[in-house]
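Source file: run_21.cif. Holds: mmCIF, C-alpha atoms and all ligand atoms.
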```
data_target
#
loop_
_atom_site.label_atom_id
_atom_site.label_comp_id
_atom_site.auth_asym_id
_atom_site.auth_seq_id
_atom_site.Cartn_x
_atom_site.Cartn_y
_atom_site.Cartn_z
CA MET A 1 107.38 125.88 111.81
CA ASP A 2 104.68 127.99 110.29
CA GLY A 3 101.92 125.87 108.74
CA TYR A 4 102.30 127.52 105.36
CA TRP A 5 105.96 126.55 104.97
CA LEU A 6 105.18 123.13 106.34
CA ASP A 7 102.71 122.67 103.49
CA TRP A 8 105.41 123.62 100.99
CA ALA A 9 107.87 121.24 102.61
CA GLY A 10 105.22 118.51 102.43
CA LEU A 11 104.47 119.16 98.78
CA LEU A 12 108.11 119.19 97.62
CA LEU A 13 109.11 116.20 99.75
CA ARG A 14 106.14 114.20 98.53
CA TRP A 15 107.01 115.01 94.94
CA LEU A 16 110.63 113.93 95.43
CA HIS A 17 109.57 110.87 97.38
CA VAL A 18 107.12 109.62 94.77
CA VAL A 19 109.50 110.21 91.85
CA ALA A 20 112.44 108.54 93.62
CA ALA A 21 110.22 105.60 94.57
CA ILE A 22 109.11 105.20 90.96
CA ALA A 23 112.77 105.11 89.87
CA TRP A 24 113.68 102.61 92.61
CA ILE A 25 110.77 100.25 92.22
CA GLY A 26 110.87 100.64 88.45
CA ALA A 27 114.53 99.55 88.35
CA SER A 28 113.82 96.73 90.77
CA PHE A 29 110.85 95.43 88.74
CA TYR A 30 112.86 95.77 85.56
CA PHE A 31 115.72 93.63 86.85
CA VAL A 32 113.37 90.96 88.18
CA TRP A 33 111.62 90.94 84.82
CA LEU A 34 115.00 90.74 83.08
CA ASP A 35 116.19 87.85 85.24
CA ASN A 36 112.97 85.97 84.63
CA HIS A 37 113.11 86.34 80.85
CA LEU A 38 116.76 85.45 80.18
CA THR A 39 117.39 82.52 77.89
CA PRO A 40 120.68 80.57 77.60
CA PRO A 41 122.81 82.08 74.82
CA GLN A 42 123.02 80.17 71.54
CA SER A 43 126.36 81.57 70.44
CA PRO A 44 129.39 79.48 71.56
CA ALA A 45 131.40 82.71 71.89
CA LEU A 46 128.99 84.03 74.53
CA GLN A 47 128.94 80.68 76.33
CA ALA A 48 132.72 80.66 76.39
CA LYS A 49 132.71 84.16 77.93
CA GLY A 50 130.62 82.80 80.84
CA VAL A 51 127.28 84.35 79.81
CA SER A 52 124.44 82.34 81.33
CA GLY A 53 121.48 84.21 79.86
CA GLU A 54 120.55 86.97 77.45
CA LEU A 55 117.51 88.58 75.88
CA TRP A 56 116.57 90.99 73.14
CA ALA A 57 114.28 93.96 73.66
CA ILE A 58 113.17 97.05 71.81
CA HIS A 59 112.37 100.27 73.62
CA GLY A 60 112.27 103.93 72.70
CA GLY A 61 113.37 103.24 69.14
CA GLY A 62 116.45 101.19 70.02
CA PHE A 63 117.41 97.50 70.22
CA TYR A 64 118.91 96.22 73.46
CA ASN A 65 120.70 92.96 74.20
CA PRO A 66 121.48 92.60 77.94
CA GLN A 67 123.54 89.61 79.01
CA LYS A 68 123.91 88.08 82.44
CA TYR A 69 127.15 86.40 83.54
CA ARG A 70 127.07 83.19 85.52
CA LEU A 71 129.52 84.65 88.01
CA ALA A 72 131.41 87.66 86.71
CA PRO A 73 132.84 88.86 83.41
CA PRO A 74 136.47 87.84 82.68
CA VAL A 75 137.58 91.49 82.89
CA LEU A 76 135.94 94.18 84.94
CA PRO A 77 134.43 96.88 82.68
CA GLU A 78 135.71 100.39 83.08
CA LYS A 79 132.28 101.81 83.82
CA LEU A 80 129.96 99.71 85.97
CA HIS A 81 126.51 101.16 86.80
CA TRP A 82 125.20 100.75 90.32
CA PHE A 83 121.63 101.22 91.46
CA ARG A 84 121.50 102.61 94.94
CA TRP A 85 120.74 106.33 95.08
CA GLU A 86 117.14 105.72 93.99
CA ALA A 87 116.73 103.66 97.16
CA TYR A 88 118.52 106.07 99.47
CA THR A 89 116.69 109.11 98.08
CA THR A 90 113.33 107.37 98.51
CA TRP A 91 114.12 106.48 102.09
CA LEU A 92 115.54 109.87 103.07
CA SER A 93 112.69 111.85 101.51
CA GLY A 94 110.18 109.43 103.05
CA MET A 95 111.58 109.94 106.53
CA ALA A 96 111.56 113.72 106.06
CA LEU A 97 107.97 113.56 104.85
CA LEU A 98 106.98 111.43 107.83
CA ALA A 99 108.47 114.06 110.12
CA ALA A 100 106.84 116.98 108.27
CA LEU A 101 103.40 115.37 108.37
CA TYR A 102 103.22 113.20 111.45
CA PHE A 103 105.83 114.48 113.87
CA VAL A 104 105.30 118.22 113.59
CA ARG A 105 101.53 118.50 113.32
CA PRO A 106 99.25 117.62 116.18
CA GLY A 107 96.55 115.00 115.82
CA TYR A 108 98.25 112.76 113.27
CA LEU A 109 100.43 110.48 115.38
CA VAL A 110 98.60 110.31 118.69
CA ASP A 111 94.99 109.43 119.26
CA PRO A 112 94.11 109.75 122.96
CA ALA A 113 91.40 107.11 122.47
CA VAL A 114 94.20 104.60 121.65
CA ALA A 115 96.96 105.85 123.96
CA ALA A 116 97.31 109.29 125.53
CA LEU A 117 101.00 109.83 124.78
CA PRO A 118 102.82 113.14 124.79
CA GLN A 119 103.92 113.94 121.22
CA ARG A 120 107.63 113.70 122.01
CA GLU A 121 107.31 110.22 123.49
CA ALA A 122 105.17 109.14 120.58
CA ILE A 123 107.86 110.25 118.12
CA LEU A 124 110.53 108.34 120.04
CA LEU A 125 108.32 105.26 120.14
CA ALA A 126 107.65 105.50 116.40
CA LEU A 127 111.34 105.78 115.55
CA GLY A 128 112.28 103.07 118.07
CA GLY A 129 109.57 100.78 116.70
CA MET A 130 110.81 101.16 113.13
CA LEU A 131 114.40 100.50 114.22
CA LEU A 132 113.47 97.47 116.33
CA GLY A 133 111.32 96.08 113.52
CA THR A 134 114.26 96.40 111.13
CA LEU A 135 116.74 94.72 113.50
CA LEU A 136 114.30 91.84 114.03
CA TYR A 137 113.93 91.47 110.28
CA GLU A 138 117.71 91.33 109.88
CA ALA A 139 117.95 88.67 112.59
CA VAL A 140 115.20 86.61 110.95
CA CYS A 141 116.88 86.82 107.54
CA ARG A 142 120.21 85.67 108.94
CA LEU A 143 118.74 82.80 110.91
CA LEU A 144 116.65 81.57 108.01
CA ALA A 145 119.06 82.01 105.10
CA GLY A 146 118.59 79.06 102.73
CA ARG A 147 115.55 77.68 104.60
CA GLY A 148 113.09 77.73 101.71
CA GLY A 149 109.53 78.85 102.46
CA LEU A 150 110.35 79.84 106.03
CA GLN A 151 112.23 82.81 104.56
CA ALA A 152 108.89 84.13 103.37
CA ILE A 153 106.56 82.99 106.16
CA VAL A 154 108.48 84.30 109.16
CA PRO A 155 108.98 87.85 107.78
CA ALA A 156 105.26 87.87 106.88
CA GLY A 157 104.43 86.97 110.50
CA LEU A 158 106.73 89.74 111.63
CA VAL A 159 104.80 92.23 109.48
CA GLY A 160 101.60 91.14 111.24
CA ALA A 161 103.20 91.59 114.67
CA ILE A 162 104.51 95.05 113.74
CA SER A 163 101.17 96.14 112.34
CA PHE A 164 99.41 94.93 115.50
CA SER A 165 101.90 96.60 117.84
CA PHE A 166 101.67 99.98 116.11
CA SER A 167 97.87 99.79 116.18
CA GLN A 168 97.99 99.47 119.98
CA VAL A 169 99.99 102.67 120.40
CA PHE A 170 99.28 105.17 117.62
CA ALA A 171 96.33 106.73 115.84
CA ALA A 172 95.03 104.11 113.39
CA ARG A 173 96.06 106.12 110.36
CA ALA A 174 99.58 106.63 111.72
CA ALA A 175 99.80 102.90 112.53
CA PHE A 176 99.19 102.09 108.86
CA LEU A 177 101.79 104.57 107.72
CA LEU A 178 104.38 103.47 110.28
CA THR A 179 103.92 99.82 109.32
CA GLY A 180 104.55 100.78 105.69
CA ALA A 181 107.51 102.93 106.72
CA THR A 182 109.03 100.03 108.68
CA LEU A 183 108.83 97.77 105.65
CA ALA A 184 110.35 100.58 103.59
CA CYS A 185 113.20 100.63 106.14
CA TRP A 186 113.73 96.91 105.51
CA MET A 187 113.95 97.58 101.81
CA ALA A 188 116.43 100.43 102.17
CA TRP A 189 118.40 98.42 104.75
CA ASN A 190 118.63 95.51 102.33
CA VAL A 191 120.16 97.78 99.74
CA LEU A 192 122.48 99.67 102.09
CA TRP A 193 123.71 96.87 104.35
CA VAL A 194 123.42 93.70 102.33
CA ILE A 195 123.14 94.09 98.57
CA ILE A 196 125.56 96.95 97.96
CA PRO A 197 128.31 95.80 100.40
CA GLY A 198 128.06 92.30 98.90
CA GLN A 199 128.47 93.72 95.42
CA ARG A 200 131.43 95.78 96.57
CA ARG A 201 133.11 92.63 97.90
CA MET A 202 132.39 90.85 94.63
CA VAL A 203 133.94 93.65 92.61
CA ALA A 204 136.95 93.88 94.95
CA ALA A 205 137.55 90.12 94.66
CA MET A 206 137.50 90.37 90.90
CA ALA A 207 139.89 93.31 90.88
CA ALA A 208 142.23 91.10 92.95
CA ARG A 209 141.72 88.30 90.38
CA GLN A 210 139.96 86.07 92.91
CA GLU A 211 136.69 84.21 92.62
CA PRO A 212 133.86 86.33 94.16
CA ALA A 213 132.22 84.57 97.12
CA ALA A 214 129.03 82.85 95.96
CA GLU A 215 127.52 83.62 99.39
CA ASP A 216 127.40 87.34 98.62
CA GLY A 217 125.46 86.65 95.46
CA LEU A 218 123.01 84.39 97.31
CA ARG A 219 122.41 86.78 100.16
CA GLY A 220 121.93 89.66 97.75
CA LYS A 221 119.40 87.59 95.84
CA GLN A 222 117.41 86.73 99.01
CA ARG A 223 117.08 90.40 99.93
CA SER A 224 116.37 91.46 96.40
CA VAL A 225 113.47 88.95 96.24
CA HIS A 226 112.17 90.27 99.56
CA ASN A 227 112.27 93.83 98.22
CA ASN A 228 110.38 92.72 95.16
CA TYR A 229 107.54 91.30 97.27
CA LEU A 230 107.59 94.22 99.73
CA ALA A 231 107.11 96.90 97.07
CA LEU A 232 103.36 96.53 96.53
CA PRO A 233 102.48 96.24 100.25
CA VAL A 234 104.58 99.30 101.08
CA VAL A 235 103.01 101.46 98.38
CA LEU A 236 99.59 100.30 99.50
CA ALA A 237 100.30 101.18 103.14
CA MET A 238 101.28 104.68 102.01
CA ILE A 239 98.20 105.37 99.91
CA SER A 240 95.83 103.70 102.40
CA ASN A 241 96.23 106.87 104.42
CA HIS A 242 93.75 108.63 102.18
CA TYR A 243 90.96 106.13 102.87
CA ALA A 244 89.51 106.43 106.34
CA PHE A 245 87.16 103.49 105.86
CA LEU A 246 90.22 101.21 105.98
CA TYR A 247 91.77 102.33 109.21
CA GLN A 248 88.75 103.63 111.14
CA GLN A 249 87.93 100.05 112.23
CA ALA A 250 88.21 97.78 115.15
CA GLN A 251 91.18 95.51 114.33
CA SER A 252 92.30 97.79 111.53
CA TRP A 253 95.72 96.09 111.60
CA LEU A 254 94.10 92.96 110.20
CA VAL A 255 92.63 95.01 107.37
CA LEU A 256 96.13 96.26 106.55
CA CYS A 257 97.55 92.73 106.66
CA GLY A 258 94.77 91.52 104.35
CA LEU A 259 95.44 94.29 101.84
CA MET A 260 99.17 93.63 101.91
CA SER A 261 98.60 89.91 101.37
CA ALA A 262 96.57 90.70 98.27
CA GLY A 263 99.56 92.74 97.02
CA VAL A 264 101.93 89.81 97.60
CA LEU A 265 99.62 87.41 95.73
CA ILE A 266 99.46 89.78 92.76
CA ARG A 267 103.24 90.21 92.73
CA HIS A 268 103.71 86.44 92.93
CA PHE A 269 101.38 85.97 89.99
CA PHE A 270 103.47 88.27 87.82
CA ASN A 271 106.77 86.77 88.93
CA ARG A 272 105.56 83.30 87.94
CA ARG A 273 104.04 84.62 84.75
CA HIS A 274 107.45 85.93 83.69
CA HIS A 275 108.52 82.27 83.81
CA GLY A 276 105.62 81.30 81.58
CA VAL A 277 103.36 79.97 84.37
CA SER A 278 100.05 81.86 84.61
CA ASP A 279 98.51 80.65 87.84
CA TRP A 280 95.16 82.42 87.81
CA ARG A 281 94.33 81.16 91.29
CA LEU A 282 96.67 83.85 92.61
CA PRO A 283 94.86 86.95 91.27
CA ALA A 284 91.54 85.20 91.96
CA GLY A 285 92.64 84.73 95.56
CA ALA A 286 93.67 88.39 95.75
CA CYS A 287 90.26 89.52 94.39
CA LEU A 288 88.43 87.26 96.84
CA LEU A 289 90.47 88.64 99.71
CA LEU A 290 89.75 92.25 98.63
CA ALA A 291 86.02 91.49 98.25
CA LEU A 292 85.96 89.95 101.74
CA LEU A 293 87.69 93.00 103.14
CA ALA A 294 85.31 95.38 101.38
CA TRP A 295 82.39 93.49 102.88
CA ARG A 296 84.00 93.35 106.33
CA VAL A 297 84.81 97.08 106.59
CA ALA A 298 81.51 98.36 105.14
CA PRO A 299 79.96 100.89 107.55
CA GLU A 300 77.00 99.82 109.67
CA PRO A 301 73.71 101.28 108.49
CA VAL A 302 72.81 104.22 110.73
CA SER A 303 69.52 103.95 112.56
CA ALA A 304 66.69 106.23 111.40
CA PRO A 305 67.14 109.66 112.96
CA SER A 306 64.49 111.16 115.19
CA PRO A 307 62.86 114.35 113.89
CA VAL A 308 64.89 117.54 114.07
CA SER A 309 63.81 120.48 116.06
CA GLU A 310 63.94 124.03 114.67
CA GLY A 311 67.08 124.83 116.62
CA ASP A 312 69.16 121.94 115.27
CA ALA A 313 70.64 123.79 112.28
CA VAL A 314 71.77 126.57 114.56
CA ARG A 315 73.14 124.10 117.08
CA VAL A 316 75.05 122.30 114.30
CA GLN A 317 76.67 125.54 113.26
CA ARG A 318 77.64 126.24 116.86
CA VAL A 319 79.08 122.74 117.33
CA LEU A 320 81.12 122.97 114.12
CA ALA A 321 82.38 126.41 115.15
CA GLU A 322 83.57 124.92 118.40
CA ARG A 323 84.94 121.59 117.15
CA CYS A 324 86.03 122.13 113.56
CA VAL A 325 86.73 125.75 112.74
CA SER A 326 90.09 125.86 114.53
CA CYS A 327 91.28 123.92 111.45
CA HIS A 328 88.55 124.33 108.82
CA ALA A 329 88.66 128.11 108.39
CA ALA A 330 90.23 130.43 105.86
CA ARG A 331 92.85 131.20 108.51
CA PRO A 332 93.09 128.24 110.90
CA THR A 333 94.08 128.98 114.46
CA GLN A 334 95.28 125.42 115.08
CA ALA A 335 99.10 125.31 115.11
CA GLY A 336 100.57 123.60 112.07
CA PHE A 337 97.77 124.61 109.66
CA SER A 338 97.86 127.60 107.35
CA SER A 339 94.94 126.88 105.05
CA PRO A 340 91.71 124.90 105.49
CA PRO A 341 92.53 121.16 105.28
CA ALA A 342 91.09 119.49 102.17
CA GLY A 343 90.10 123.02 101.09
CA LEU A 344 87.07 122.75 103.35
CA ARG A 345 85.83 125.76 105.31
CA LEU A 346 83.13 125.15 107.90
CA ASP A 347 82.73 128.68 109.15
CA ASP A 348 79.67 129.70 107.18
CA GLN A 349 76.18 128.33 106.84
CA GLY A 350 76.36 127.93 103.04
CA ALA A 351 79.53 125.81 103.13
CA ILE A 352 78.11 123.69 105.93
CA ALA A 353 74.91 122.95 104.02
CA ALA A 354 76.79 122.24 100.78
CA ASN A 355 79.11 119.78 102.53
CA ALA A 356 76.53 118.05 104.72
CA ALA A 357 77.24 114.61 103.24
CA ARG A 358 81.00 114.96 103.67
CA ILE A 359 80.57 116.17 107.23
CA HIS A 360 78.25 113.28 108.02
CA GLN A 361 80.71 110.83 106.44
CA GLN A 362 83.66 112.09 108.48
CA VAL A 363 81.93 112.73 111.79
CA VAL A 364 79.30 110.00 112.01
CA LEU A 365 80.27 107.16 109.69
CA SER A 366 84.06 107.02 109.74
CA ARG A 367 84.47 109.18 112.89
CA THR A 368 87.78 110.46 111.48
CA MET A 369 86.94 114.06 112.27
CA PRO A 370 87.73 116.06 114.31
CA LEU A 371 91.25 114.82 113.64
CA ALA A 372 92.19 112.54 116.58
CA ASN A 373 89.27 114.25 118.30
CA LEU A 374 91.67 117.03 119.22
CA THR A 375 88.74 119.35 119.87
CA GLN A 376 86.93 116.77 122.02
CA MET A 377 83.65 116.41 120.25
CA THR A 378 81.07 114.61 122.39
CA GLU A 379 78.85 111.64 121.51
CA GLU A 380 75.73 113.83 121.74
CA GLU A 381 77.23 116.20 119.24
CA ARG A 382 77.84 113.38 116.78
CA GLN A 383 74.23 112.27 117.22
CA LEU A 384 73.08 115.81 116.56
CA ILE A 385 75.01 115.78 113.25
CA ALA A 386 73.44 112.41 112.36
CA ARG A 387 69.94 113.78 113.06
CA TRP A 388 70.57 116.99 111.17
CA PHE A 389 71.94 115.16 108.14
CA GLY A 390 69.09 112.66 108.17
CA ALA A 391 66.56 115.49 108.19
CA GLN A 392 68.37 117.28 105.35
CA ALA A 393 68.55 114.14 103.24
CA GLY A 394 64.87 113.49 104.00
CA ALA A 395 63.89 117.03 102.99
CA GLU A 396 65.80 116.69 99.71
CA GLY A 397 64.20 113.34 98.98
CA GLY A 398 60.73 114.88 99.56
CA ARG A 399 61.28 117.73 97.11
C1 LIG B 401 93.06 119.47 114.02
C2 LIG B 401 92.54 119.88 112.76
C3 LIG B 401 91.17 119.41 112.32
C4 LIG B 401 90.00 119.51 112.99
C5 LIG B 401 89.75 120.07 114.39
C6 LIG B 401 88.98 119.03 112.10
N1 LIG B 401 89.54 118.62 110.93
FE1 LIG B 401 88.58 117.93 109.26
N2 LIG B 401 90.35 117.69 108.31
C7 LIG B 401 91.58 117.94 108.86
C8 LIG B 401 92.59 117.52 107.92
C9 LIG B 401 94.08 117.64 108.13
C10 LIG B 401 91.92 117.03 106.79
C11 LIG B 401 92.54 116.54 105.49
C12 LIG B 401 92.42 115.10 105.32
C13 LIG B 401 93.41 114.37 106.06
O1 LIG B 401 94.58 114.72 106.04
O2 LIG B 401 92.98 113.35 106.63
C14 LIG B 401 90.51 117.16 107.06
C15 LIG B 401 89.53 116.78 106.17
C16 LIG B 401 88.18 116.91 106.43
C17 LIG B 401 87.13 116.59 105.49
C18 LIG B 401 87.35 116.17 104.06
C19 LIG B 401 87.43 114.72 103.87
C20 LIG B 401 87.20 114.44 102.41
O3 LIG B 401 88.20 114.24 101.71
O4 LIG B 401 86.04 114.49 102.01
C21 LIG B 401 85.95 116.80 106.11
C22 LIG B 401 84.56 116.60 105.55
C23 LIG B 401 86.25 117.24 107.45
N3 LIG B 401 87.60 117.29 107.62
C24 LIG B 401 85.29 117.56 108.39
C25 LIG B 401 85.57 118.00 109.67
C26 LIG B 401 84.55 118.28 110.65
C27 LIG B 401 83.06 118.21 110.41
C28 LIG B 401 85.21 118.65 111.78
C29 LIG B 401 84.60 119.00 113.12
C30 LIG B 401 83.67 118.09 113.66
C31 LIG B 401 86.64 118.61 111.49
N4 LIG B 401 86.82 118.20 110.21
C32 LIG B 401 87.64 118.97 112.41
C33 LIG B 401 91.86 118.52 110.07
C34 LIG B 401 90.88 118.84 111.02
#
```
Before anything else, please render the file you have as structure tokens.
Ligand code: HEC
Amino acid sequence: MDGYWLDWAGLLLRWLHVVAAIAWIGASFYFVWLDNHLTPPQSPALQAKGVSGELWAIHGGGFYNPQKYRLAPPVLPEKLHWFRWEAYTTWLSGMALLAALYFVRPGYLVDPAVAALPQREAILLALGGMLLGTLLYEAVCRLLAGRGGLQAIVPAGLVGAISFSFSQVFAARAAFLLTGATLACWMAWNVLWVIIPGQRRMVAAMAARQEPAAEDGLRGKQRSVHNNYLALPVVLAMISNHYAFLYQQAQSWLVLCGLMSAGVLIRHFFNRRHHGVSDWRLPAGACLLLALLAWRVAPEPVSAPSPVSEGDAVRVQRVLAERCVSCHAARPTQAGFSSPPAGLRLDDQGAIAANAARIHQQVVLSRTMPLANLTQMTEEERQLIARWFGAQAGAEGGR
């Protein structure tokens, strides 16, 4: 597909994806909040109806009084609201976005320095990895149903294993995204295969005037709790893609696991707080973890550059023309690009000088550019950029 239309597809899919995810996670957080704030009803009439908890709230100029039934209401209401299309829309738009960004464009999924895979094989491996990860998760959930803390620890270990495996096969940035996407598959799977079918059986049982199976309620609850704790890590994995300092690391998968753990601690804090327990050790632990990570991934100081020769500025321009301009030009020649990525053109001397710090950051410090080193920049060329930038910074400091 032409790069221009691909950009449009990316924009619209991202928009849809983010809005649907807000609706999904918003509804999910709301129901967890609701569950955690219910109080036993005072009125005997409500108790007699089988209501186990209720609360009062005010929002948008109206009073609300939701009630939760211990099992099910005596009669099925005519209109029952379900929450599922938020989840499906998020998942479908996410998969389409993954394809539009990572599967179609070169340099996103495969990094020859990690594994020199043909694009088609890499796509199959990515899809297969997400599917396998989801089946393993399902198996773990079934085996561990009702086994207390193990239901949290084993899936967490599985996340680590998935994150590690992807980091061994794909470009670091793609590995982060695919790990997040796999967890998002778990969440959507939980809705599609466990929560909704269970609810359908419960409703069918009631229509037939039978007692709904308590098992369906329990299983639905297990998955719904998982989804609640997965939400923050998944969102983090998605936005981490914009921060090269996170994934341009040895053992970047550990960085991702650390970040996700901080998300789980924060979520756990709020879930307990809803119950009136404010355990400040949890957010403190999350902050400590983030501080440790920030210290661990800080870039090494670059050694003092040797003096530049007259020709270096010209050589830099030639190197950038060779290694960067296929993408960073008003009209990129690299397939899949229709406009300069990040709005950055590197085809004239003025733009190069104005963006020296950004170029240095991407080429020398984080080594994210050229993307997946598609244009095969050499080590000497990176050193030339370091020298040139050092001399520029020095000249500015001396002014
Ligand atoms: C295959 C295409 C491609 C090549 C080649 C390429 N880039 Fe990029 N560059 C991108 C994309 C795509 C982005 C947008 C950010 C992203 O998606 O990670 C980007 C973003 C950037 C940014 C902006 C980062 C920021 O937000 O500040 C800089 C700076 C940059 N590239 C420098 C370079 C330099 C210098 C080279 C050559 C050594 C280069 N790029 C080669 C595709 C490319």
Within 6 Å of ligand LIG 401 (chain B), counting only C-alpha atoms and all ligand atoms, residues as a VMD selection string: chain A and resid 107 320 323 to 324 326 to 327 341 to 342 358 to 359 362 to 363 369 to 371 374 to 375
All residues 7 Å or closer to range 185-189 of chain A, all atoms listed in the file, same chain fewer than 2 positions away omitted, as a list in words: Ala87, Tyr88, Trp91, Thr134, Ala181, Thr182, Leu183, Val191, Leu192, Trp193 and Asn227 of chain A
d(CA of Arg201 in chain A, CA of Leu71 in chain A) in Å: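 A separation of 13.2 Å between them.
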Residue among A:Cys257, A:Leu55, A:Val264, A:Leu127 lying closest to Leu232 in chain A, counting only C-alpha atoms: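 Using only C-alpha atoms, Leu232 in chain A sits closest to A:Val264.
You will find CA of Arg70 in chain A at 16.3 Å from CA of Arg209 in chain A.
Closest approach to Leu76 in chain A among A:Leu292, A:Ala330, A:Ala351, A:Ala205: A:Ala205, based on all atoms listed in the file.
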Asp348 in chain A environment, 10 Å, only C-alpha atoms, sequence neighbours closer than 5 positions dropped, as a PyMOL selection string: chain A and resi 317+320-321+325+329+353
For Asn190 in chain A, please output as a PDB file with C-alpha atoms, keeping the file's coordinate frame all residues within 12 Å (counting all atoms listed in the file; exclusion window: fewer than 4 positions along the same chain).
```pdb
ATOM      1  CA  ARG A  84     121.500 102.610  94.940  1.00  0.00           C
ATOM      2  CA  ALA A  87     116.730 103.660  97.160  1.00  0.00           C
ATOM      3  CA  TYR A  88     118.520 106.070  99.470  1.00  0.00           C
ATOM      4  CA  TRP A  91     114.120 106.480 102.090  1.00  0.00           C
ATOM      5  CA  THR A 134     114.260  96.400 111.130  1.00  0.00           C
ATOM      6  CA  LEU A 135     116.740  94.720 113.500  1.00  0.00           C
ATOM      7  CA  TYR A 137     113.930  91.470 110.280  1.00  0.00           C
ATOM      8  CA  GLU A 138     117.710  91.330 109.880  1.00  0.00           C
ATOM      9  CA  CYS A 141     116.880  86.820 107.540  1.00  0.00           C
ATOM     10  CA  ARG A 142     120.210  85.670 108.940  1.00  0.00           C
ATOM     11  CA  LEU A 183     108.830  97.770 105.650  1.00  0.00           C
ATOM     12  CA  ALA A 184     110.350 100.580 103.590  1.00  0.00           C
ATOM     13  CA  CYS A 185     113.200 100.630 106.140  1.00  0.00           C
ATOM     14  CA  TRP A 186     113.730  96.910 105.510  1.00  0.00           C
ATOM     15  CA  VAL A 194     123.420  93.700 102.330  1.00  0.00           C
ATOM     16  CA  ILE A 195     123.140  94.090  98.570  1.00  0.00           C
ATOM     17  CA  ILE A 196     125.560  96.950  97.960  1.00  0.00           C
ATOM     18  CA  PRO A 197     128.310  95.800 100.400  1.00  0.00           C
ATOM     19  CA  GLY A 198     128.060  92.300  98.900  1.00  0.00           C
ATOM     20  CA  ARG A 219     122.410  86.780 100.160  1.00  0.00           C
ATOM     21  CA  GLY A 220     121.930  89.660  97.750  1.00  0.00           C
ATOM     22  CA  LYS A 221     119.400  87.590  95.840  1.00  0.00           C
ATOM     23  CA  GLN A 222     117.410  86.730  99.010  1.00  0.00           C
ATOM     24  CA  ARG A 223     117.080  90.400  99.930  1.00  0.00           C
ATOM     25  CA  SER A 224     116.370  91.460  96.400  1.00  0.00           C
ATOM     26  CA  VAL A 225     113.470  88.950  96.240  1.00  0.00           C
ATOM     27  CA  HIS A 226     112.170  90.270  99.560  1.00  0.00           C
ATOM     28  CA  ASN A 227     112.270  93.830  98.220  1.00  0.00           C
ATOM     29  CA  ASN A 228     110.380  92.720  95.160  1.00  0.00           C
ATOM     30  CA  LEU A 230     107.590  94.220  99.730  1.00  0.00           C
TER      31      LEU A 230
END
```
Using all atoms listed in the file, I'd like a table of the residues in range 42-154 of chain A that come within 7 Å of range 166-174 of chain A; for each, show the closest atom pair and its distance in Å rounded to one decimal, ordered by chain and ascending number, as JSON lines.
```
{"residue": "A:Tyr108", "atom": "CA", "partner": "A:Ala174", "partner_atom": "CA", "distance": 6.5}
{"residue": "A:Leu109", "atom": "CA", "partner": "A:Ala174", "partner_atom": "CA", "distance": 5.4}
{"residue": "A:Val110", "atom": "CA", "partner": "A:Ala171", "partner_atom": "CA", "distance": 5.1}
{"residue": "A:Asp111", "atom": "CA", "partner": "A:Ala171", "partner_atom": "CA", "distance": 4.6}
{"residue": "A:Val114", "atom": "CA", "partner": "A:Val169", "partner_atom": "CA", "distance": 6.2}
{"residue": "A:Ala115", "atom": "CA", "partner": "A:Val169", "partner_atom": "CA", "distance": 5.7}
```
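When only C-alpha atoms are used to measure the gap to Ser165 in chain A, the shortest distance among A:Ala393, A:Ala244, A:Ala126, A:Ala27 belongs to A:Ala126.
With only C-alpha atoms as the atoms that count, the minimum distance from Leu13 in chain A to the choices A:Ala231, A:Leu101, A:Ala145, A:Ala354 is reached by A:Leu101.
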Spatial neighbours of Pro233 in chain A, 9 Å, all atoms listed in the file, chain gap at least 2 places, as a PyMOL selection string: chain A and resi 180+183+229-231+235-238+256-257+259-264
Would you output that residue set with C-alpha atoms, as an mmCIF file, in the coordinates of the input?
```
data_model
loop_
_atom_site.group_PDB
_atom_site.id
_atom_site.type_symbol
_atom_site.label_atom_id
_atom_site.label_comp_id
_atom_site.auth_asym_id
_atom_site.auth_seq_id
_atom_site.Cartn_x
_atom_site.Cartn_y
_atom_site.Cartn_z
ATOM 1 C CA GLY A 180 104.550 100.780 105.690
ATOM 2 C CA LEU A 183 108.830 97.770 105.650
ATOM 3 C CA TYR A 229 107.540 91.300 97.270
ATOM 4 C CA LEU A 230 107.590 94.220 99.730
ATOM 5 C CA ALA A 231 107.110 96.900 97.070
ATOM 6 C CA VAL A 235 103.010 101.460 98.380
ATOM 7 C CA LEU A 236 99.590 100.300 99.500
ATOM 8 C CA ALA A 237 100.300 101.180 103.140
ATOM 9 C CA MET A 238 101.280 104.680 102.010
ATOM 10 C CA LEU A 256 96.130 96.260 106.550
ATOM 11 C CA CYS A 257 97.550 92.730 106.660
ATOM 12 C CA LEU A 259 95.440 94.290 101.840
ATOM 13 C CA MET A 260 99.170 93.630 101.910
ATOM 14 C CA SER A 261 98.600 89.910 101.370
ATOM 15 C CA ALA A 262 96.570 90.700 98.270
ATOM 16 C CA GLY A 263 99.560 92.740 97.020
ATOM 17 C CA VAL A 264 101.930 89.810 97.600
#
```
Shortest interatomic distance to Ala298 in chain A - which of A:Gln383, A:Gln67, A:Gln249, A:Gln392, counting only C-alpha atoms: A:Gln249
For Val297 in chain A: contacts at 10 Å, all atoms listed in the file, fewer than 6 positions along chain excluded, given as a VMD selection string: chain A and resid 245 to 250 252 255
Exercise on range 334-339 of chain A, axis-aligned box with 6 Å per side, report centre and edge lengths in Å to one decimal, as JSON:
```
{"center_x": 97.8, "center_y": 125.6, "center_z": 110.1, "size_x": 17.6, "size_y": 16.0, "size_z": 22.1}
```
